[in-house]
Every structure is written in structure tokens, then in C-alpha cells.
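Next comes data-v3.cif, a file with mmCIF, C-alpha atoms.
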data_entry
#
loop_
_atom_site.label_atom_id
_atom_site.label_comp_id
_atom_site.auth_asym_id
_atom_site.auth_seq_id
_atom_site.Cartn_x
_atom_site.Cartn_y
_atom_site.Cartn_z
CA MET O 1 14.47 -0.68 -41.96
CA LYS O 2 17.11 1.24 -40.04
CA ARG O 3 18.97 4.00 -41.86
CA ALA O 4 22.60 3.14 -41.46
CA ALA O 5 25.82 2.42 -43.23
CA LEU O 6 25.72 -0.32 -45.81
CA THR O 7 28.04 -2.85 -47.27
CA CYS O 8 27.12 -4.44 -50.59
CA LEU O 9 29.00 -7.52 -51.60
CA LEU O 10 27.92 -8.44 -55.11
CA VAL O 11 28.80 -11.88 -56.42
CA LEU O 12 28.25 -12.09 -60.16
CA CYS O 13 27.37 -15.44 -61.69
CA ALA O 14 26.87 -16.18 -65.35
CA GLY O 15 23.54 -17.96 -65.53
CA VAL O 16 22.84 -21.12 -67.49
CA PRO O 17 21.24 -20.41 -70.88
CA PRO O 18 17.74 -21.74 -71.34
CA ALA O 19 16.93 -24.70 -73.56
CA PRO O 20 17.62 -24.06 -77.27
CA ALA O 21 13.95 -23.77 -78.18
CA LEU O 22 13.45 -21.01 -75.62
CA ALA O 23 16.76 -19.29 -76.29
CA GLN O 24 15.63 -18.37 -79.81
CA ARG O 25 12.72 -16.37 -78.41
CA ASP O 26 14.35 -14.95 -75.28
CA THR O 27 16.00 -11.64 -76.17
CA THR O 28 15.96 -10.22 -72.63
CA ALA O 29 18.14 -10.69 -69.57
CA ARG O 30 17.30 -11.61 -65.98
CA LEU O 31 18.71 -10.44 -62.65
CA ALA O 32 18.21 -12.46 -59.46
CA GLY O 33 19.78 -13.13 -56.09
CA THR O 34 19.50 -12.74 -52.34
CA VAL O 35 20.03 -10.00 -49.77
CA ARG O 36 21.65 -11.00 -46.49
CA SER O 37 23.02 -9.28 -43.42
CA SER O 38 26.79 -8.93 -43.30
CA ILE O 39 26.42 -9.04 -39.50
CA ASN O 40 24.92 -12.51 -39.15
CA GLY O 41 24.08 -13.78 -42.65
CA LEU O 42 20.30 -13.70 -42.11
CA PRO O 43 18.02 -12.71 -45.03
CA ILE O 44 16.87 -9.09 -45.27
CA SER O 45 13.49 -8.17 -46.73
CA GLY O 46 12.30 -4.84 -48.12
CA VAL O 47 15.47 -3.98 -50.07
CA MET O 48 14.81 -2.66 -53.59
CA VAL O 49 16.93 -3.77 -56.53
CA ALA O 50 16.47 -1.77 -59.75
CA VAL O 51 18.10 -1.16 -63.12
CA ARG O 52 18.59 2.53 -63.90
CA GLY O 53 16.90 3.66 -67.08
CA SER O 54 14.21 1.00 -66.89
CA ARG O 55 11.02 0.73 -64.89
CA ILE O 56 11.85 -2.80 -63.77
CA PHE O 57 12.58 -3.44 -60.09
CA ASP O 58 11.92 -5.92 -57.32
CA VAL O 59 11.94 -5.89 -53.52
CA SER O 60 13.54 -8.68 -51.52
CA ASP O 61 11.04 -10.98 -49.82
CA SER O 62 11.13 -12.64 -46.40
CA ALA O 63 13.79 -15.07 -47.66
CA GLY O 64 15.87 -12.15 -48.96
CA SER O 65 15.22 -13.21 -52.57
CA PHE O 66 14.61 -10.93 -55.55
CA ALA O 67 14.23 -11.40 -59.32
CA LEU O 68 13.99 -8.97 -62.23
CA VAL O 69 12.92 -10.28 -65.64
CA GLY O 70 12.53 -8.77 -69.10
CA LEU O 71 15.67 -6.61 -68.80
CA PRO O 72 17.48 -5.17 -71.84
CA ASP O 73 20.90 -6.63 -72.53
CA GLY O 74 24.10 -4.58 -72.41
CA ARG O 75 25.84 -2.67 -69.63
CA HIS O 76 23.45 -1.14 -67.12
CA MET O 77 23.64 0.53 -63.71
CA VAL O 78 22.18 -1.74 -61.03
CA ARG O 79 20.93 0.07 -57.94
CA ILE O 80 20.44 -1.20 -54.38
CA LEU O 81 18.08 0.91 -52.27
CA SER O 82 17.41 0.54 -48.56
CA GLY O 83 14.62 2.62 -47.08
CA ASP O 84 14.34 5.86 -49.03
CA SER O 85 18.01 6.15 -49.94
CA LEU O 86 20.25 4.88 -52.71
CA ARG O 87 22.80 2.71 -50.89
CA TYR O 88 24.83 1.19 -53.71
CA GLU O 89 25.18 1.54 -57.48
CA HIS O 90 27.37 -0.46 -59.84
CA GLU O 91 27.50 -0.99 -63.60
CA MET O 92 27.03 -4.60 -64.69
CA GLU O 93 26.73 -6.41 -67.99
CA LEU O 94 23.43 -8.13 -68.66
CA LYS O 95 23.31 -10.76 -71.41
CA ARG O 96 20.23 -11.79 -73.36
CA GLY O 97 18.89 -15.20 -72.45
CA LYS O 98 21.01 -15.40 -69.29
CA THR O 99 20.63 -14.69 -65.58
CA LEU O 100 23.03 -12.56 -63.59
CA THR O 101 22.95 -13.77 -59.98
CA LEU O 102 23.89 -11.40 -57.18
CA SER O 103 24.68 -12.03 -53.54
CA VAL O 104 24.13 -8.76 -51.68
CA LEU O 105 25.42 -8.26 -48.13
CA LEU O 106 24.11 -5.21 -46.27
CA ASP O 107 25.47 -3.69 -43.10
CA LEU O 108 22.52 -2.14 -41.28
CA VAL O 109 24.25 -1.19 -38.02
CA ALA O 110 27.11 0.99 -39.29
CA ALA O 111 29.98 -1.43 -38.73
CA ALA O 112 31.93 0.36 -41.49
CA LEU O 113 32.43 -2.55 -43.88
CA ALA O 114 33.65 -1.39 -47.30
CA PRO O 115 31.81 -2.37 -50.51
CA ILE O 116 33.31 -5.33 -52.41
CA VAL O 117 32.45 -6.63 -55.89
CA VAL O 118 33.67 -10.06 -57.03
CA GLU O 119 32.84 -12.45 -59.86
CA ALA O 120 31.51 -15.76 -58.59
CA SER O 121 33.23 -17.82 -61.28
CA THR O 122 36.68 -17.00 -59.87
CA LEU O 123 38.58 -18.26 -56.85
CA ARG O 124 38.48 -14.69 -55.52
CA ALA O 125 34.70 -14.97 -55.17
CA GLU O 126 34.98 -18.10 -53.05
CA ARG O 127 37.53 -16.29 -50.91
CA SER O 128 35.13 -13.58 -49.84
CA LEU O 129 32.69 -12.73 -47.08
CA ALA O 130 29.87 -14.05 -49.28
CA GLY O 131 31.79 -17.32 -49.50
CA PHE O 132 32.05 -17.25 -45.71
CA TYR O 133 28.25 -17.32 -45.33
CA ASP O 134 27.86 -19.97 -48.03
CA ARG O 135 30.41 -22.21 -46.31
CA LYS O 136 28.71 -21.59 -42.97
CA LYS O 137 25.67 -23.47 -44.31
CA TRP O 138 27.53 -26.54 -45.52
CA SER O 139 30.98 -26.81 -43.93
CA PHE O 140 32.05 -28.55 -40.73
CA GLY O 141 34.17 -25.76 -39.26
CA ARG O 142 33.41 -23.37 -36.42
CA PHE O 143 32.14 -20.00 -37.69
CA TYR O 144 32.17 -16.64 -35.92
CA THR O 145 30.05 -13.93 -37.58
CA LEU O 146 30.49 -10.22 -37.01
CA ALA O 147 27.75 -10.41 -34.38
CA ASP O 148 29.60 -13.25 -32.62
CA LEU O 149 32.89 -11.35 -32.73
CA GLY O 150 31.23 -8.25 -31.30
CA GLN O 151 30.52 -10.26 -28.16
CA ARG O 152 34.20 -11.22 -27.98
CA ALA O 153 35.82 -7.88 -28.77
CA SER O 154 38.18 -8.23 -25.81
CA TYR O 155 39.52 -11.57 -27.09
CA SER O 156 42.80 -12.08 -28.89
CA LEU O 157 42.61 -14.35 -31.94
CA ASP O 158 44.50 -17.11 -30.14
CA GLY O 159 42.00 -16.77 -27.27
CA LEU O 160 39.15 -17.16 -29.75
CA LEU O 161 40.78 -20.29 -31.13
CA GLY O 162 41.11 -21.68 -27.62
CA GLU O 163 37.36 -21.22 -27.17
CA SER O 164 36.75 -23.21 -30.36
CA GLY O 165 38.81 -26.12 -29.03
CA VAL O 166 42.08 -25.45 -30.84
CA GLN O 167 45.30 -25.98 -28.89
CA VAL O 168 47.52 -22.90 -29.23
CA LEU O 169 51.22 -23.07 -28.31
CA CYS O 170 52.95 -19.76 -27.59
CA HIS O 171 56.71 -19.26 -27.26
CA LEU O 172 58.67 -16.00 -27.14
CA GLY O 173 55.66 -13.99 -28.25
CA THR O 174 54.75 -16.25 -31.18
CA CYS O 175 51.63 -18.43 -31.08
CA ARG O 176 50.91 -21.43 -33.30
CA PRO O 177 47.51 -23.16 -33.57
CA LEU O 178 47.68 -26.95 -33.75
CA GLY O 179 45.37 -29.05 -35.86
CA SER O 180 45.47 -32.55 -37.30
CA ASP O 181 46.08 -34.02 -40.76
CA GLY O 182 44.36 -37.24 -39.72
CA THR O 183 47.48 -39.01 -38.47
CA ARG O 184 49.42 -36.45 -36.46
CA GLN O 185 49.18 -33.08 -34.77
CA CYS O 186 50.67 -30.20 -36.78
CA VAL O 187 50.50 -26.43 -37.30
CA MET O 188 47.33 -25.07 -38.93
CA SER O 189 47.37 -22.75 -41.95
CA LEU O 190 46.40 -19.09 -41.54
CA TYR O 191 44.47 -17.04 -44.12
CA LEU O 192 43.49 -13.37 -43.98
CA ASP O 193 41.01 -12.12 -46.60
CA GLY O 194 41.72 -15.21 -48.69
CA MET O 195 45.50 -14.79 -48.68
CA ARG O 196 47.86 -17.32 -47.06
CA MET O 197 49.77 -15.68 -44.21
CA PRO O 198 52.75 -16.77 -42.08
CA VAL O 199 51.31 -18.43 -39.00
CA ALA O 200 53.39 -16.07 -36.82
CA TYR O 201 51.05 -13.28 -38.04
CA LEU O 202 48.35 -14.76 -35.79
CA ASN O 203 49.38 -12.48 -32.91
CA GLN O 204 48.94 -9.35 -35.04
CA ILE O 205 45.29 -9.96 -35.97
CA ARG O 206 42.79 -8.18 -33.72
CA VAL O 207 39.37 -9.73 -33.23
CA ASP O 208 37.69 -6.30 -33.22
CA ASP O 209 39.08 -5.69 -36.74
CA LEU O 210 37.42 -8.81 -38.15
CA ALA O 211 34.08 -9.40 -39.86
CA GLY O 212 34.24 -13.20 -39.66
CA VAL O 213 36.42 -16.14 -38.65
CA GLU O 214 36.35 -19.78 -39.83
CA VAL O 215 38.12 -22.49 -37.83
CA TYR O 216 38.81 -25.94 -39.32
CA LYS O 217 40.59 -28.13 -36.76
CA ARG O 218 40.95 -31.16 -39.03
CA GLY O 219 42.61 -31.19 -42.41
CA PHE O 220 39.82 -33.06 -44.21
CA ASP O 221 37.31 -30.38 -43.12
CA VAL O 222 39.21 -27.56 -44.87
CA PRO O 223 37.45 -26.33 -48.06
CA THR O 224 39.42 -26.89 -51.27
CA GLU O 225 39.97 -23.14 -51.80
CA PHE O 226 42.07 -23.11 -48.61
CA ARG O 227 44.18 -26.16 -49.35
CA SER O 228 47.75 -26.16 -50.62
CA GLY O 229 47.71 -28.56 -53.56
CA PHE O 230 46.42 -32.09 -53.01
CA ARG O 231 48.48 -32.98 -49.99
CA ASN O 232 46.98 -33.31 -46.53
CA THR O 233 46.56 -30.14 -44.56
CA CYS O 234 46.61 -29.66 -40.80
CA GLY O 235 43.47 -27.55 -40.58
CA ALA O 236 43.08 -23.84 -41.16
CA VAL O 237 42.16 -20.54 -39.54
CA VAL O 238 40.42 -18.23 -42.06
CA ALA O 239 39.85 -14.62 -41.00
CA TRP O 240 37.99 -11.83 -42.82
CA SER O 241 38.74 -8.21 -42.03
CA ARG O 242 36.18 -5.41 -41.96
CA HIS O 243 38.11 -3.49 -44.66
#

Starting from the file, give its structure as C-alpha cells.
Amino acid sequence: MKRAALTCLLVLCAGVPPAPALAQRDTTARLAGTVRSSINGLPISGVMVAVRGSRIFDVSDSAGSFALVGLPDGRHMVRILSGDSLRYEHEMELKRGKTLTLSVLLDLVAAALAPIVVEASTLRAERSLAGFYDRKKWSFGRFYTLADLGQRASYSLDGLLGESGVQVLCHLGTCRPLGSDGTRQCVMSLYLDGMRMPVAYLNQIRVDDLAGVEVYKRGFDVPTEFRSGFRNTCGAVVAWSRH
């Protein structure tokens, strides 16, 4: 595996306790998850995940999966190692009889993405780069990964939207992307790193500063975490910066 800069995005999930009969005997904790590329979302094998102070570790397989069992409960330092070097270390709480699930994103080509840690049970976790790759599997939008954006570094964001089939109207230096709420054409919402932004901010976002872009042209395709209440939406542009 290449020695390079690394981004770890850890999504923490409280696991489901085992059946009551097993819970009485299970006094240890479990750590599991996947390792994916922050460049294109593909699984990465050969990454070691270990708990400091114990001799328990695992190495991600061809699907990027890892699992550590028989761990002591309490707060422990979880380590992520790529090649021969320690790449990331973070203290986490392990609970007896439960599984802590991690989603680890690694940057292996030095794209300078900063480490992020979020809890998966919160809205903030869904509004993350890990959420981006999860939605890419199941959603109906158009997705541009960091690898895709690298091939379009000369594009403006409105130019990228034009490529994805979105009509963009520009007037006096301000551009507005148009989507549909199912009955009429209207202005799409704009999000940057999970935060709702004024649509006029579209012109200020540089494609070469982004790690991912999601484009939902129709309101009913927009994930619930990017909807404003229960009313119809006109579609959404969701951008993720490289931090």
C-alpha cells in the first residue's frame, strides 16, 4: 500500500445487544466496520485496526471489512495503521455486549483531507462524507467522487451541474440551478458540508476545493436529511469540501 497522507472518517454506531440469554455471558465488547477510499469509495484491504493495550487486532479483507472480538469494555485508544506507520488514533468507548461499528475513509494519494469523527446516530453523521458514499449506493442522484472531480478541476460548479443535466440560470453574476418539485420548475437547495447555504453562494464554490458532489434534480429524490420539513423540495445540490 502506498505511503501517503490519510484521512480517517470514523462513524460510530451503537450496536444492537445480543439476545438476553447471551448477554448474561458476554462481558466483552466488539469492534467492526469497513475501510474505504475517500477518493472513490472502493474498499481497501490490508489496513490494520487495533486497540492499544491489548493484543487484539484485525486487518481489512478484500471487501474492506474488519472485526475485533473479545475486547475489554471502557474507553480505549483505537489505532488505524496503513503499511508500517500509525495513521490515525482516537479514544473510543467500548461497551460490554455491544458492537462499535466504524466507517473508515482513507486518503492514499495525499489529497489533504482532514480527519473527521462523527457519531452515526446523529444527523451530523448522515451529513458527512461517509454518508455521501452510503447514499451513492442507494440514492437516485448524480454523484461525483473526488476522483471524478479531479478530472473536472477546470470546471465551475455551475458547469458541473450543466454536465449533470441541471439547467442553470445566471443573471448579474448570480447563478441559480433549477430543479422540479414534481409539478413545476423551481430553484434547487444548496448544501455545503451538510449546512444549508444561500443559493447565490453557488458561484463561490470551487470544484477543486471539493471532495464530493451530489446532485438531485427532482424533489422526491432528495434524501430526508436534506429536506426542509415535509413540504416538497425542488431538488438539491450537496457539496462536500476537502477540509

**Message:** Counting only C-alpha atoms, which residue out of O:Leu31, O:Met77, O:Ile39, O:Leu149 sits closest to O:Thr99?
**Reply:** O:Leu31

**Message:** Once the PyMOL selection byres ((chain O and resi 159) around 12) is applied to the coordinates I shared, what remains selected? I want it as a PyMOL selection string.
**Reply:** chain O and resi 149+152-158+160-170+175-177+202-203+205-207

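Counting only C-alpha atoms and comparing O:Thr233, O:Arg135, O:Asp221, O:Val238, the residue that lies closest to O:Met195 is O:Val238.
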
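Computed from the coordinates, the atom CA of O:Leu210 to atom CA of O:Tyr88 distance equals 22.4 Å.
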
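Note that atom CA of O:Ser38 and atom CA of O:Gly235 are 25.1 Å apart.
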
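Across the chains present, the PyMOL selection byres ((chain O and resi 40) around 9) applied to this file returns Arg36, Ser37, Ser38, Ile39, Gly41, Leu42, Tyr133, Tyr144, Thr145, Leu146, Ala147 and Asp148 of chain O.
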
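Reported to one decimal place, the separation of atom CA of O:Gln151 from atom CA of O:Gly212 is 12.4 Å.
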
**Prompt:** Nearest to O:Gly53 among O:Leu71, O:Met188, O:Leu172, O:Ala211, with distances taken over only C-alpha atoms: which residue is it?
**Reply:** O:Leu71

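Applied to the file shown here, the PyMOL selection byres ((chain O and resi 45) around 7) selects the residues Pro43, Ile44, Gly46, Val47, Ser60, Asp61, Ser62, Ala63 and Gly64 of chain O.
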
For O:Arg79, list every protein, DNA or RNA residue within 7 Å, evaluated using only C-alpha atoms, and leave out those in the same chain fewer than 4 positions away; present the list as a compact mmCIF listing (two decimals) with C-alpha atoms, in the coordinates of the input.
# COMPACT_ATOMS: atom_id res chain seq x y z
CA VAL O 49 16.93 -3.77 -56.53
CA ALA O 50 16.47 -1.77 -59.75
CA VAL O 51 18.10 -1.16 -63.12
CA ARG O 52 18.59 2.53 -63.90
CA TYR O 88 24.83 1.19 -53.71
CA GLU O 89 25.18 1.54 -57.48
CA HIS O 90 27.37 -0.46 -59.84

**Asked** Counting all atoms listed in the file, what is within 7 Å of O:Met92, bar same-chain residues fewer than 5 positions away, as a ChimeraX atom specification?
**Response** /O:75-78

**Prompt:** Which protein, DNA or RNA residues have an atom at most 12 Å from (18.9, -7.7, -68.0), counting all atoms listed in the file? List them as JSON, numbers by chain.
**Reply:** {"O": [14, 15, 26, 27, 28, 29, 30, 31, 32, 50, 51, 52, 53, 54, 55, 56, 57, 67, 68, 69, 70, 71, 72, 73, 74, 75, 76, 77, 78, 91, 92, 93, 94, 95, 96, 97, 98, 99, 100, 101]}

Size and centre in Å, one decimal, axis-aligned box, all listed stretch 90-96 of chain O atoms plus 5 Å per side, as JSON:
{"center_x": 23.9, "center_y": -6.1, "center_z": -66.6, "size_x": 17.3, "size_y": 21.3, "size_z": 23.5}

**Prompt:** So, counting only C-alpha atoms, which residue among O:Asp58, O:Leu105, O:Ile80, O:Arg184 is closest to O:Ala130?
**Reply:** O:Leu105

Residues near O:Gly219, anyone? I mean within 9 Å using all atoms listed in the file, not counting same-chain ones fewer than 5 positions away, as a PDB file with C-alpha atoms, in the frame of the given file.
ATOM      1  CA  GLY O 179      45.370 -29.050 -35.860  1.00  0.00           C
ATOM      2  CA  SER O 180      45.470 -32.550 -37.300  1.00  0.00           C
ATOM      3  CA  ASP O 181      46.080 -34.020 -40.760  1.00  0.00           C
ATOM      4  CA  GLY O 182      44.360 -37.240 -39.720  1.00  0.00           C
ATOM      5  CA  MET O 188      47.330 -25.070 -38.930  1.00  0.00           C
ATOM      6  CA  ARG O 227      44.180 -26.160 -49.350  1.00  0.00           C
ATOM      7  CA  ASN O 232      46.980 -33.310 -46.530  1.00  0.00           C
ATOM      8  CA  THR O 233      46.560 -30.140 -44.560  1.00  0.00           C
ATOM      9  CA  CYS O 234      46.610 -29.660 -40.800  1.00  0.00           C
ATOM     10  CA  GLY O 235      43.470 -27.550 -40.580  1.00  0.00           C
ATOM     11  CA  ALA O 236      43.080 -23.840 -41.160  1.00  0.00           C
TER      12      ALA O 236
END
